[in-house]
$ cat input-v8.txt   # compact mmCIF, C-alpha atoms and all ligand atoms
# COMPACT_ATOMS: atom_id res chain seq x y z
CA MET A 1 73.80 -224.75 -107.95
CA ARG A 2 75.19 -221.25 -107.54
CA MET A 3 72.91 -218.49 -106.34
CA ILE A 4 71.50 -216.53 -109.21
CA ARG A 5 70.93 -212.85 -108.47
CA ILE A 6 67.85 -211.38 -110.10
CA GLY A 7 65.84 -208.25 -109.45
CA ALA A 8 64.66 -205.02 -111.00
CA HIS A 9 64.86 -201.27 -110.99
CA MET A 10 62.94 -200.29 -107.84
CA PRO A 11 61.21 -196.96 -107.19
CA ILE A 12 62.52 -194.69 -104.43
CA SER A 13 59.22 -192.84 -104.00
CA TYR A 14 58.50 -194.77 -100.77
CA GLY A 15 61.96 -193.95 -99.40
CA PHE A 16 65.28 -195.76 -99.77
CA GLU A 17 64.50 -197.79 -96.66
CA LYS A 18 61.55 -199.51 -98.38
CA VAL A 19 63.64 -200.83 -101.28
CA PRO A 20 65.02 -204.01 -99.62
CA GLN A 21 61.55 -205.20 -98.63
CA MET A 22 60.06 -204.35 -102.04
CA THR A 23 62.88 -206.31 -103.66
CA ILE A 24 62.21 -209.44 -101.61
CA ASP A 25 58.42 -209.09 -102.03
CA SER A 26 58.87 -209.06 -105.82
CA GLY A 27 60.84 -212.29 -105.67
CA GLY A 28 64.18 -210.57 -106.20
CA ASN A 29 67.49 -210.60 -104.34
CA THR A 30 69.25 -207.70 -106.11
CA PHE A 31 68.08 -204.23 -107.16
CA GLN A 32 68.91 -200.97 -108.86
CA ILE A 33 67.64 -197.53 -107.79
CA PHE A 34 68.04 -193.92 -108.79
CA PRO A 35 69.92 -191.96 -106.13
CA HIS A 36 67.52 -189.01 -106.71
CA SER A 37 64.80 -187.94 -109.12
CA PRO A 38 66.56 -188.73 -112.43
CA ARG A 39 65.12 -185.94 -114.58
CA THR A 40 66.46 -183.03 -112.53
CA TRP A 41 69.87 -181.54 -111.82
CA ARG A 42 68.97 -181.41 -108.15
CA ALA A 43 70.12 -184.08 -105.74
CA SER A 44 70.71 -184.04 -102.03
CA LEU A 45 72.05 -186.44 -99.47
CA PRO A 46 69.40 -188.57 -97.78
CA ALA A 47 68.84 -187.97 -94.06
CA LYS A 48 71.02 -189.99 -91.69
CA ARG A 49 67.93 -191.70 -90.28
CA SER A 50 66.92 -192.87 -93.75
CA CYS A 51 70.43 -194.23 -94.44
CA ASP A 52 70.55 -196.04 -91.09
CA GLU A 53 67.14 -197.56 -91.67
CA PHE A 54 68.15 -198.60 -95.20
CA GLN A 55 71.12 -200.50 -93.80
CA ILE A 56 68.97 -202.17 -91.15
CA GLN A 57 66.53 -203.28 -93.83
CA MET A 58 69.33 -204.61 -96.05
CA GLU A 59 70.43 -206.84 -93.19
CA LYS A 60 66.91 -207.83 -92.24
CA TYR A 61 66.16 -208.99 -95.80
CA GLU A 62 69.65 -210.43 -96.25
CA ILE A 63 70.57 -208.51 -99.38
CA PRO A 64 74.34 -208.05 -99.59
CA PHE A 65 75.49 -204.55 -100.54
CA GLU A 66 77.38 -206.15 -103.44
CA ALA A 67 73.93 -206.74 -104.97
CA ALA A 68 72.82 -203.09 -104.71
CA PHE A 69 73.26 -200.66 -107.60
CA CYS A 70 72.54 -197.00 -108.27
CA HIS A 71 71.80 -195.65 -111.76
CA CYS A 72 72.81 -192.07 -112.57
CA GLY A 73 70.32 -189.37 -113.55
CA TYR A 74 69.31 -188.85 -117.18
CA LEU A 75 70.60 -185.29 -117.59
CA ILE A 76 74.22 -186.24 -117.03
CA ASN A 77 76.37 -186.18 -120.19
CA LEU A 78 80.03 -186.81 -119.42
CA ALA A 79 80.90 -186.52 -123.13
CA SER A 80 79.26 -183.15 -123.67
CA PRO A 81 81.41 -180.73 -125.72
CA LYS A 82 79.73 -177.85 -123.84
CA ASP A 83 81.78 -176.88 -120.80
CA ASP A 84 78.84 -175.84 -118.64
CA ILE A 85 76.93 -179.09 -119.26
CA TRP A 86 80.09 -181.12 -118.70
CA GLN A 87 80.80 -179.33 -115.39
CA LYS A 88 77.23 -179.76 -114.15
CA SER A 89 77.35 -183.42 -115.17
CA VAL A 90 80.54 -184.11 -113.24
CA GLN A 91 79.23 -182.25 -110.19
CA LEU A 92 75.98 -184.21 -110.19
CA LEU A 93 77.81 -187.50 -110.69
CA ILE A 94 79.92 -186.73 -107.63
CA ILE A 95 76.82 -185.95 -105.53
CA GLU A 96 75.36 -189.25 -106.72
CA GLY A 97 78.57 -190.91 -105.60
CA ARG A 98 78.11 -189.32 -102.17
CA ILE A 99 74.56 -190.66 -101.99
CA CYS A 100 75.93 -194.13 -102.81
CA GLN A 101 78.47 -193.72 -100.00
CA ALA A 102 75.79 -192.60 -97.54
CA LEU A 103 73.66 -195.64 -98.34
CA GLY A 104 76.59 -198.05 -98.54
CA ILE A 105 75.92 -198.88 -102.21
CA PRO A 106 79.21 -199.82 -103.88
CA TYR A 107 78.25 -199.32 -107.56
CA LEU A 108 77.10 -196.33 -109.61
CA ASN A 109 75.97 -197.14 -113.16
CA VAL A 110 76.49 -194.38 -115.76
CA HIS A 111 75.88 -193.97 -119.47
CA PRO A 112 79.25 -192.94 -120.92
CA GLY A 113 77.63 -190.06 -122.80
CA SER A 114 76.93 -188.52 -126.19
CA HIS A 115 79.38 -186.38 -128.14
CA THR A 116 76.36 -184.62 -129.73
CA GLY A 117 78.23 -184.17 -133.01
CA ALA A 118 81.69 -183.26 -131.73
CA GLY A 119 83.05 -186.71 -132.66
CA GLU A 120 83.92 -189.91 -130.87
CA LYS A 121 87.52 -189.02 -130.04
CA GLU A 122 86.68 -185.69 -128.41
CA GLY A 123 83.73 -187.24 -126.55
CA THR A 124 85.81 -190.16 -125.30
CA ASP A 125 88.49 -187.79 -123.98
CA ARG A 126 85.86 -185.84 -122.06
CA ILE A 127 84.39 -189.00 -120.55
CA ILE A 128 87.85 -190.08 -119.39
CA ARG A 129 88.42 -186.70 -117.71
CA ALA A 130 85.02 -186.90 -116.01
CA VAL A 131 85.65 -190.44 -114.77
CA ASP A 132 89.02 -189.31 -113.37
CA GLU A 133 87.35 -186.43 -111.48
CA PHE A 134 84.92 -188.88 -109.93
CA LEU A 135 87.60 -191.41 -109.00
CA LYS A 136 89.69 -188.69 -107.34
CA ILE A 137 86.87 -187.41 -105.15
CA ILE A 138 84.84 -190.56 -104.42
CA PRO A 139 87.25 -193.23 -103.19
CA ASP A 140 84.92 -196.11 -102.46
CA VAL A 141 82.29 -196.33 -105.20
CA MET A 142 82.92 -198.23 -108.42
CA LEU A 143 81.66 -196.58 -111.60
CA LEU A 144 79.94 -198.96 -114.01
CA LEU A 145 79.91 -197.89 -117.64
CA GLU A 146 76.77 -199.14 -119.36
CA ASN A 147 76.82 -200.16 -123.01
CA VAL A 148 74.37 -197.91 -124.84
CA SER A 149 72.28 -197.95 -128.00
CA PRO A 150 74.19 -196.69 -131.08
CA LYS A 151 72.12 -193.56 -131.62
CA GLY A 152 72.31 -189.81 -131.00
CA GLY A 153 76.09 -189.58 -130.83
CA ASN A 154 76.24 -192.14 -128.00
CA ILE A 155 79.67 -193.48 -127.12
CA GLY A 156 80.07 -196.94 -125.64
CA PHE A 157 77.93 -199.23 -127.78
CA THR A 158 80.82 -201.58 -128.59
CA MET A 159 82.95 -203.39 -126.02
CA LYS A 160 86.00 -201.81 -127.60
CA GLN A 161 84.71 -198.26 -127.10
CA LEU A 162 84.08 -199.04 -123.43
CA ALA A 163 87.58 -200.46 -123.03
CA LYS A 164 89.03 -197.31 -124.61
CA ILE A 165 87.41 -195.25 -121.86
CA ILE A 166 88.57 -197.49 -119.02
CA GLU A 167 92.22 -198.06 -119.93
CA PRO A 168 93.55 -194.47 -119.68
CA THR A 169 91.72 -193.62 -116.42
CA ILE A 170 93.75 -193.06 -113.25
CA GLN A 171 92.27 -196.14 -111.53
CA PRO A 172 90.97 -198.57 -114.16
CA HIS A 173 90.35 -201.19 -111.46
CA ARG A 174 87.57 -198.94 -110.13
CA VAL A 175 85.70 -198.78 -113.43
CA GLY A 176 83.39 -201.67 -114.23
CA ILE A 177 80.81 -202.53 -116.86
CA THR A 178 77.06 -203.04 -117.05
CA TYR A 179 75.84 -205.00 -120.06
CA ASP A 180 72.33 -204.00 -121.22
CA THR A 181 70.80 -206.72 -123.43
CA CYS A 182 68.45 -204.34 -125.29
CA HIS A 183 71.19 -201.81 -126.05
CA GLY A 184 73.53 -204.64 -127.06
CA PHE A 185 70.87 -206.06 -129.41
CA ASP A 186 70.48 -202.56 -130.90
CA ALA A 187 74.23 -202.57 -131.54
CA GLY A 188 74.11 -205.94 -133.32
CA TYR A 189 75.14 -208.31 -130.50
CA ASP A 190 72.92 -211.31 -131.16
CA ILE A 191 72.49 -213.17 -127.88
CA THR A 192 69.76 -215.43 -129.27
CA THR A 193 72.28 -218.00 -130.49
CA LYS A 194 74.99 -219.93 -128.69
CA GLU A 195 77.61 -218.63 -131.14
CA GLY A 196 76.39 -215.07 -130.62
CA VAL A 197 76.81 -215.24 -126.83
CA GLU A 198 80.22 -216.88 -127.19
CA LYS A 199 81.27 -214.10 -129.53
CA LEU A 200 80.09 -211.45 -127.05
CA LEU A 201 81.86 -213.14 -124.12
CA ASP A 202 85.05 -213.42 -126.17
CA GLU A 203 84.81 -209.76 -127.10
CA MET A 204 84.38 -208.79 -123.44
CA GLU A 205 87.28 -210.96 -122.36
CA GLY A 206 89.49 -209.61 -125.17
CA THR A 207 88.77 -205.95 -124.37
CA PHE A 208 88.08 -204.95 -120.74
CA GLY A 209 87.95 -208.50 -119.37
CA LEU A 210 84.82 -210.39 -118.36
CA SER A 211 85.46 -210.00 -114.62
CA ARG A 212 84.79 -206.29 -114.99
CA VAL A 213 81.09 -206.89 -115.76
CA LYS A 214 79.23 -206.33 -112.47
CA MET A 215 75.62 -206.11 -113.63
CA ILE A 216 73.41 -207.18 -116.51
CA HIS A 217 70.39 -205.08 -117.49
CA LEU A 218 67.88 -207.64 -118.59
CA ASN A 219 65.65 -206.07 -121.23
CA ASP A 220 63.97 -207.53 -124.30
CA SER A 221 63.89 -205.30 -127.39
CA LYS A 222 60.92 -203.89 -129.31
CA ALA A 223 63.29 -203.41 -132.26
CA PRO A 224 64.93 -206.10 -134.40
CA LEU A 225 68.66 -206.85 -134.23
CA GLY A 226 70.82 -203.88 -135.19
CA LYS A 227 67.99 -201.36 -135.27
CA ALA A 228 68.97 -198.76 -132.70
CA LEU A 229 65.68 -197.61 -131.20
CA ASP A 230 66.42 -198.23 -127.50
CA ARG A 231 62.92 -199.51 -126.82
CA HIS A 232 62.83 -201.88 -123.88
CA GLU A 233 60.28 -204.69 -123.99
CA ASN A 234 59.16 -207.23 -121.42
CA ILE A 235 61.17 -210.44 -121.38
CA GLY A 236 59.80 -212.82 -124.01
CA LYS A 237 57.68 -210.23 -125.83
CA GLY A 238 60.38 -208.68 -127.98
CA PHE A 239 62.85 -209.69 -130.68
CA ILE A 240 65.20 -211.45 -128.25
CA GLY A 241 62.32 -213.57 -126.99
CA ASP A 242 62.07 -216.34 -124.40
CA LYS A 243 64.17 -218.64 -126.55
CA GLY A 244 66.89 -216.02 -126.87
CA PHE A 245 66.96 -215.30 -123.15
CA ARG A 246 66.89 -219.01 -122.28
CA ASN A 247 70.03 -219.32 -124.39
CA PHE A 248 71.77 -216.22 -123.00
CA LEU A 249 70.92 -216.93 -119.36
CA SER A 250 72.09 -220.55 -119.55
CA PHE A 251 75.75 -219.48 -119.72
CA PRO A 252 77.54 -219.93 -116.37
CA GLN A 253 79.51 -216.71 -117.00
CA ILE A 254 76.20 -214.83 -117.23
CA GLN A 255 74.74 -216.58 -114.17
CA MET A 256 77.59 -215.22 -112.04
CA ILE A 257 76.51 -211.60 -112.65
CA PRO A 258 73.38 -209.98 -111.10
CA TRP A 259 70.46 -209.48 -113.52
CA VAL A 260 68.35 -206.33 -113.22
CA LEU A 261 65.12 -205.78 -115.18
CA GLU A 262 64.41 -202.31 -116.63
CA THR A 263 61.34 -203.27 -118.61
CA PRO A 264 58.06 -201.34 -118.81
CA ASN A 265 56.52 -203.00 -115.78
CA GLU A 266 55.80 -201.02 -112.69
CA GLU A 267 52.29 -202.04 -111.76
CA ASP A 268 53.16 -205.23 -109.88
CA LEU A 269 56.77 -204.19 -109.18
CA TYR A 270 58.12 -206.84 -111.54
CA THR A 271 56.76 -209.78 -109.52
CA LYS A 272 55.43 -211.68 -112.55
CA GLU A 273 58.39 -210.86 -114.74
CA ILE A 274 60.96 -211.95 -112.16
CA ALA A 275 59.07 -215.24 -111.83
CA HIS A 276 59.04 -215.53 -115.62
CA VAL A 277 62.81 -215.06 -115.85
CA LYS A 278 63.31 -217.60 -113.07
CA SER A 279 61.22 -220.10 -115.05
CA LEU A 280 63.47 -219.60 -118.09
CA VAL A 281 66.47 -220.88 -116.14
CA GLY A 282 64.60 -223.60 -114.25
CA LEU A 283 64.71 -221.82 -110.89
CA ILE A 284 60.95 -222.37 -110.47
MN MN B 1 70.83 -197.07 -118.27
MN MN B 2 70.06 -200.24 -119.09
ZN ZN B 3 67.69 -198.31 -122.76
$ encode --input "input-v8.txt" --output "structure tokens" --more "lines below"
Ligand code: MN
Ligand code: MN
Ligand code: ZN
Amino acid sequence: MRMIRIGAHMPISYGFEKVPQMTIDSGGNTFQIFPHSPRTWRASLPAKRSCDEFQIQMEKYEIPFEAAFCHCGYLINLASPKDDIWQKSVQLLIIEGRICQALGIPYLNVHPGSHTGAGEKEGTDRIIRAVDEFLKIIPDVMLLLENVSPKGGNIGFTMKQLAKIIEPTIQPHRVGITYDTCHGFDAGYDITTKEGVEKLLDEMEGTFGLSRVKMIHLNDSKAPLGKALDRHENIGKGFIGDKGFRNFLSFPQIQMIPWVLETPNEEDLYTKEIAHVKSLVGLI
């Protein structure tokens, strides 16, 4: 059986160097972190000592860097029609890219952005320009565009919208995809049935190509199919449910991609929920 990668969004409040151990202690073998406090515009490079120690810990706990992901801050809006916000967003994204470089993390996950009323075309053009700026300045970090919930002017809730961002960029091979199951459910992708998952996989293959998907955000949904609330729920407790996830996670194409939980669940650092997901696929 191939090795399934599963883990969760880990806190950085104990230092980057603690993340590999916390991941293994929770039963995981992959993780996502914020490169800095996500609700501020401020971000600085971690100290060299912290980066060195992080790399030592990655080796000690045998987590390959391919299984390590950063998630961009919440203030970033690469689609913003306001020049000052757009500039600040691109600058912060580039600093986040530098933090990824310093830590050796090869992937930076971003939300494509919201056009905030300016329209999808204009917003998409701005995202493409922002992605190009990043690709020019940060040569060794892959940007992962995350599918979002279809609300608030968000761009990138269909596979086609995501493909339309990637294709015109200067280096499309350096732009990947994260598929978030809650956001996808909000957008009407029903992964609770075999036909639904096949349809989604076909859509991915027919647009940006399935091999571009580098991470799956594993979140159940507090809202029913097609209702765009973006409310993450613990696996099995929402409208996707254990049955839905058992179906989705049984696909070999899905098992090849790392799964990262972003559910409301910080008190035991996802230990129970990771075990629960493993039980759904017969790992334990
Ligand atoms: Mn996200
Ligand atoms: Mn997500
Ligand atoms: Zn969400």
$ residues_near_ligand --input "input-v8.txt" --ligand "ligand MN 2 (chain B)" --cutoff "9 Å" --atoms "only C-alpha atoms and all ligand atoms" --output "ChimeraX atom specification"
/A:71,109,111,146-148,178-183,216-219,232,260-262
$ atom_distance --input "input-v8.txt" --atom1 "atom CA of A:Lys121" --atom2 "atom CA of A:Phe157"
14.2 Å
$ residues_around --input "input-v8.txt" --residues "A:Pro264" --least-positions-apart "6" --cutoff "12 Å" --atoms "all atoms listed in the file" --output "list of chain:residue names"
A:Ala8, A:His9, A:Leu218, A:Asn219, A:Asp220, A:Ser221, A:Lys222, A:Arg231, A:His232, A:Glu233, A:Asn234, A:Ile235, A:Lys237, A:Gly238, A:Tyr270, A:Glu273
$ write_last_selection --input "input-v8.txt" --atoms "C-alpha atoms" --output "PDB file, in the frame of the given file"
ATOM      1  CA  ALA A   8      64.660-205.020-111.000  1.00  0.00           C
ATOM      2  CA  HIS A   9      64.860-201.270-110.990  1.00  0.00           C
ATOM      3  CA  LEU A 218      67.880-207.640-118.590  1.00  0.00           C
ATOM      4  CA  ASN A 219      65.650-206.070-121.230  1.00  0.00           C
ATOM      5  CA  ASP A 220      63.970-207.530-124.300  1.00  0.00           C
ATOM      6  CA  SER A 221      63.890-205.300-127.390  1.00  0.00           C
ATOM      7  CA  LYS A 222      60.920-203.890-129.310  1.00  0.00           C
ATOM      8  CA  ARG A 231      62.920-199.510-126.820  1.00  0.00           C
ATOM      9  CA  HIS A 232      62.830-201.880-123.880  1.00  0.00           C
ATOM     10  CA  GLU A 233      60.280-204.690-123.990  1.00  0.00           C
ATOM     11  CA  ASN A 234      59.160-207.230-121.420  1.00  0.00           C
ATOM     12  CA  ILE A 235      61.170-210.440-121.380  1.00  0.00           C
ATOM     13  CA  LYS A 237      57.680-210.230-125.830  1.00  0.00           C
ATOM     14  CA  GLY A 238      60.380-208.680-127.980  1.00  0.00           C
ATOM     15  CA  TYR A 270      58.120-206.840-111.540  1.00  0.00           C
ATOM     16  CA  GLU A 273      58.390-210.860-114.740  1.00  0.00           C
TER      17      GLU A 273
END
$ residues_around --input "input-v8.txt" --residues "A:Gln253" --least-positions-apart "3" --cutoff "10 Å" --atoms "only C-alpha atoms" --output "list in words"
Leu201, Leu210, Ser211, Phe248, Leu249, Ser250, Met256 and Ile257 of chain A
$ residues_around --input "input-v8.txt" --residues "stretch 43-53 of chain A" --least-positions-apart "2" --cutoff "6 Å" --atoms "only C-alpha atoms" --output "JSON, numbers by chain"
{"A": [17, 36, 55, 56, 99, 103]}
$ residues_around --input "input-v8.txt" --residues "A:Trp86" --least-positions-apart "6" --cutoff "7 Å" --atoms "only C-alpha atoms" --output "VMD selection string"
chain A and resid 77 to 78 80
$ write_last_selection --input "input-v8.txt" --atoms "C-alpha atoms" --output "PDB file, in the frame of the given file"
ATOM      1  CA  ASN A  77      76.370-186.180-120.190  1.00  0.00           C
ATOM      2  CA  LEU A  78      80.030-186.810-119.420  1.00  0.00           C
ATOM      3  CA  SER A  80      79.260-183.150-123.670  1.00  0.00           C
TER       4      SER A  80
END
$ closest_residue --input "input-v8.txt" --among "A:Gly119, A:Pro172, A:Pro20, A:Pro112" --to "ligand MN 1 (chain B)" --atoms "all atoms listed in the file"
A:Pro112
$ residues_near_point --input "input-v8.txt" --point "(69.9, -182.3, -110.2)" --cutoff "12 Å" --atoms "only C-alpha atoms" --output "count of residues only"
27
$ residues_around --input "input-v8.txt" --residues "A:Pro150" --least-positions-apart "3" --cutoff "6 Å" --atoms "all atoms listed in the file" --output "JSON list (two decimals) with C-alpha atoms, in the frame of the given file"
[["chain", "number", "residue", "atom", "x", "y", "z"],
["A", 154, "ASN", "CA", 76.24, -192.14, -128.00],
["A", 157, "PHE", "CA", 77.93, -199.23, -127.78],
["A", 187, "ALA", "CA", 74.23, -202.57, -131.54],
["A", 228, "ALA", "CA", 68.97, -198.76, -132.70]]
$ atom_distance --input "input-v8.txt" --atom1 "atom CA of A:Met215" --atom2 "atom CA of A:Asp140"
17.6 Å
$ atom_distance --input "input-v8.txt" --atom1 "atom CA of A:Leu162" --atom2 "atom CA of A:Ile128"
10.5 Å
$ closest_residue --input "input-v8.txt" --among "A:Ile254, A:Ile138, A:Ile127, A:Val110" --to "ligand ZN 3 (chain B)" --atoms "all atoms listed in the file"
A:Val110
$ axis_aligned_box --input "input-v8.txt" --around "stretch 169-180 of chain A" --padding-each-side "4 Å" --output "AutoDock Vina command-line options"
--center_x 83.0 --center_y -199.0 --center_z -115.7 --size_x 29.4 --size_y 19.9 --size_z 19.1
$ closest_residue --input "input-v8.txt" --among "A:Val19, A:Gly236, A:Thr263, A:Gly7" --to "ligand MN 1 (chain B)" --atoms "only C-alpha atoms and all ligand atoms"
A:Thr263
$ closest_residue --input "input-v8.txt" --among "A:Val277, A:Leu283, A:Ile33, A:Val175" --to "A:Arg246" --atoms "all atoms listed in the file"
A:Val277
$ residues_near_point --input "input-v8.txt" --point "(56.1, -205.4, -107.1)" --cutoff "10 Å" --atoms "only C-alpha atoms" --output "number ranges by chain"
A: 8, 10-11, 22-28, 265-274
$ decode --input "input-v8.txt" --residues "stretch 203-231 of chain A" --atoms "N, CA and C atoms" --output "PDB file, in the first residue's frame"
ATOM      1  N   GLU A 203     -12.868  17.104 -14.112  1.00  0.00           N
ATOM      2  CA  GLU A 203     -12.804  18.555 -14.289  1.00  0.00           C
ATOM      3  C   GLU A 203     -11.387  19.065 -14.026  1.00  0.00           C
ATOM      4  N   MET A 204     -10.739  18.516 -13.005  1.00  0.00           N
ATOM      5  CA  MET A 204      -9.353  18.902 -12.713  1.00  0.00           C
ATOM      6  C   MET A 204      -8.446  18.514 -13.869  1.00  0.00           C
ATOM      7  N   GLU A 205      -8.594  17.286 -14.323  1.00  0.00           N
ATOM      8  CA  GLU A 205      -7.746  16.791 -15.405  1.00  0.00           C
ATOM      9  C   GLU A 205      -7.961  17.608 -16.685  1.00  0.00           C
ATOM     10  N   GLY A 206      -9.211  17.993 -16.933  1.00  0.00           N
ATOM     11  CA  GLY A 206      -9.550  18.720 -18.161  1.00  0.00           C
ATOM     12  C   GLY A 206      -9.207  20.204 -18.113  1.00  0.00           C
ATOM     13  N   THR A 207      -8.871  20.721 -16.939  1.00  0.00           N
ATOM     14  CA  THR A 207      -8.541  22.152 -16.837  1.00  0.00           C
ATOM     15  C   THR A 207      -7.040  22.325 -16.588  1.00  0.00           C
ATOM     16  N   PHE A 208      -6.618  22.321 -15.322  1.00  0.00           N
ATOM     17  CA  PHE A 208      -5.187  22.513 -15.022  1.00  0.00           C
ATOM     18  C   PHE A 208      -4.399  21.223 -14.960  1.00  0.00           C
ATOM     19  N   GLY A 209      -5.091  20.073 -14.985  1.00  0.00           N
ATOM     20  CA  GLY A 209      -4.388  18.794 -14.906  1.00  0.00           C
ATOM     21  C   GLY A 209      -4.243  18.332 -13.459  1.00  0.00           C
ATOM     22  N   LEU A 210      -4.599  17.101 -13.216  1.00  0.00           N
ATOM     23  CA  LEU A 210      -4.629  16.551 -11.857  1.00  0.00           C
ATOM     24  C   LEU A 210      -3.263  16.584 -11.166  1.00  0.00           C
ATOM     25  N   SER A 211      -2.191  16.434 -11.945  1.00  0.00           N
ATOM     26  CA  SER A 211      -0.849  16.384 -11.344  1.00  0.00           C
ATOM     27  C   SER A 211      -0.454  17.717 -10.708  1.00  0.00           C
ATOM     28  N   ARG A 212      -1.214  18.757 -10.968  1.00  0.00           N
ATOM     29  CA  ARG A 212      -0.918  20.052 -10.390  1.00  0.00           C
ATOM     30  C   ARG A 212      -1.406  20.163  -8.939  1.00  0.00           C
ATOM     31  N   VAL A 213      -2.290  19.247  -8.526  1.00  0.00           N
ATOM     32  CA  VAL A 213      -2.840  19.333  -7.165  1.00  0.00           C
ATOM     33  C   VAL A 213      -1.825  18.765  -6.179  1.00  0.00           C
ATOM     34  N   LYS A 214      -1.305  19.623  -5.298  1.00  0.00           N
ATOM     35  CA  LYS A 214      -0.222  19.229  -4.384  1.00  0.00           C
ATOM     36  C   LYS A 214      -0.693  19.028  -2.958  1.00  0.00           C
ATOM     37  N   MET A 215      -1.891  19.506  -2.638  1.00  0.00           N
ATOM     38  CA  MET A 215      -2.377  19.385  -1.255  1.00  0.00           C
ATOM     39  C   MET A 215      -3.898  19.355  -1.265  1.00  0.00           C
ATOM     40  N   ILE A 216      -4.459  18.608  -0.306  1.00  0.00           N
ATOM     41  CA  ILE A 216      -5.899  18.632  -0.101  1.00  0.00           C
ATOM     42  C   ILE A 216      -6.178  19.136   1.303  1.00  0.00           C
ATOM     43  N   HIS A 217      -7.003  20.178   1.414  1.00  0.00           N
ATOM     44  CA  HIS A 217      -7.461  20.643   2.718  1.00  0.00           C
ATOM     45  C   HIS A 217      -8.688  19.833   3.067  1.00  0.00           C
ATOM     46  N   LEU A 218      -8.534  19.044   4.121  1.00  0.00           N
ATOM     47  CA  LEU A 218      -9.594  18.125   4.500  1.00  0.00           C
ATOM     48  C   LEU A 218     -10.478  18.777   5.555  1.00  0.00           C
ATOM     49  N   ASN A 219     -11.626  19.275   5.128  1.00  0.00           N
ATOM     50  CA  ASN A 219     -12.557  19.935   6.042  1.00  0.00           C
ATOM     51  C   ASN A 219     -13.969  19.475   5.725  1.00  0.00           C
ATOM     52  N   ASP A 220     -14.715  19.100   6.784  1.00  0.00           N
ATOM     53  CA  ASP A 220     -16.145  18.870   6.587  1.00  0.00           C
ATOM     54  C   ASP A 220     -16.819  20.243   6.554  1.00  0.00           C
ATOM     55  N   SER A 221     -18.109  20.274   6.205  1.00  0.00           N
ATOM     56  CA  SER A 221     -18.803  21.549   6.027  1.00  0.00           C
ATOM     57  C   SER A 221     -20.022  21.650   6.931  1.00  0.00           C
ATOM     58  N   LYS A 222     -20.139  22.776   7.633  1.00  0.00           N
ATOM     59  CA  LYS A 222     -21.323  23.034   8.462  1.00  0.00           C
ATOM     60  C   LYS A 222     -22.521  23.398   7.593  1.00  0.00           C
ATOM     61  N   ALA A 223     -22.265  23.710   6.313  1.00  0.00           N
ATOM     62  CA  ALA A 223     -23.337  24.138   5.414  1.00  0.00           C
ATOM     63  C   ALA A 223     -23.623  23.045   4.388  1.00  0.00           C
ATOM     64  N   PRO A 224     -24.888  22.941   3.953  1.00  0.00           N
ATOM     65  CA  PRO A 224     -25.215  21.942   2.931  1.00  0.00           C
ATOM     66  C   PRO A 224     -24.598  22.276   1.574  1.00  0.00           C
ATOM     67  N   LEU A 225     -24.617  21.291   0.680  1.00  0.00           N
ATOM     68  CA  LEU A 225     -24.026  21.431  -0.652  1.00  0.00           C
ATOM     69  C   LEU A 225     -24.503  22.707  -1.354  1.00  0.00           C
ATOM     70  N   GLY A 226     -23.552  23.480  -1.851  1.00  0.00           N
ATOM     71  CA  GLY A 226     -23.899  24.657  -2.650  1.00  0.00           C
ATOM     72  C   GLY A 226     -24.218  25.901  -1.847  1.00  0.00           C
ATOM     73  N   LYS A 227     -24.208  25.773  -0.516  1.00  0.00           N
ATOM     74  CA  LYS A 227     -24.493  26.959   0.305  1.00  0.00           C
ATOM     75  C   LYS A 227     -23.155  27.534   0.782  1.00  0.00           C
ATOM     76  N   ALA A 228     -22.792  28.663   0.229  1.00  0.00           N
ATOM     77  CA  ALA A 228     -21.434  29.176   0.410  1.00  0.00           C
ATOM     78  C   ALA A 228     -21.271  29.938   1.718  1.00  0.00           C
ATOM     79  N   LEU A 229     -21.061  29.196   2.802  1.00  0.00           N
ATOM     80  CA  LEU A 229     -20.857  29.849   4.097  1.00  0.00           C
ATOM     81  C   LEU A 229     -19.395  29.818   4.529  1.00  0.00           C
ATOM     82  N   ASP A 230     -18.607  28.911   3.961  1.00  0.00           N
ATOM     83  CA  ASP A 230     -17.221  28.707   4.395  1.00  0.00           C
ATOM     84  C   ASP A 230     -17.144  28.476   5.897  1.00  0.00           C
ATOM     85  N   ARG A 231     -17.858  27.457   6.364  1.00  0.00           N
ATOM     86  CA  ARG A 231     -17.801  27.096   7.772  1.00  0.00           C
ATOM     87  C   ARG A 231     -17.250  25.678   7.880  1.00  0.00           C
TER      88      ARG A 231
END
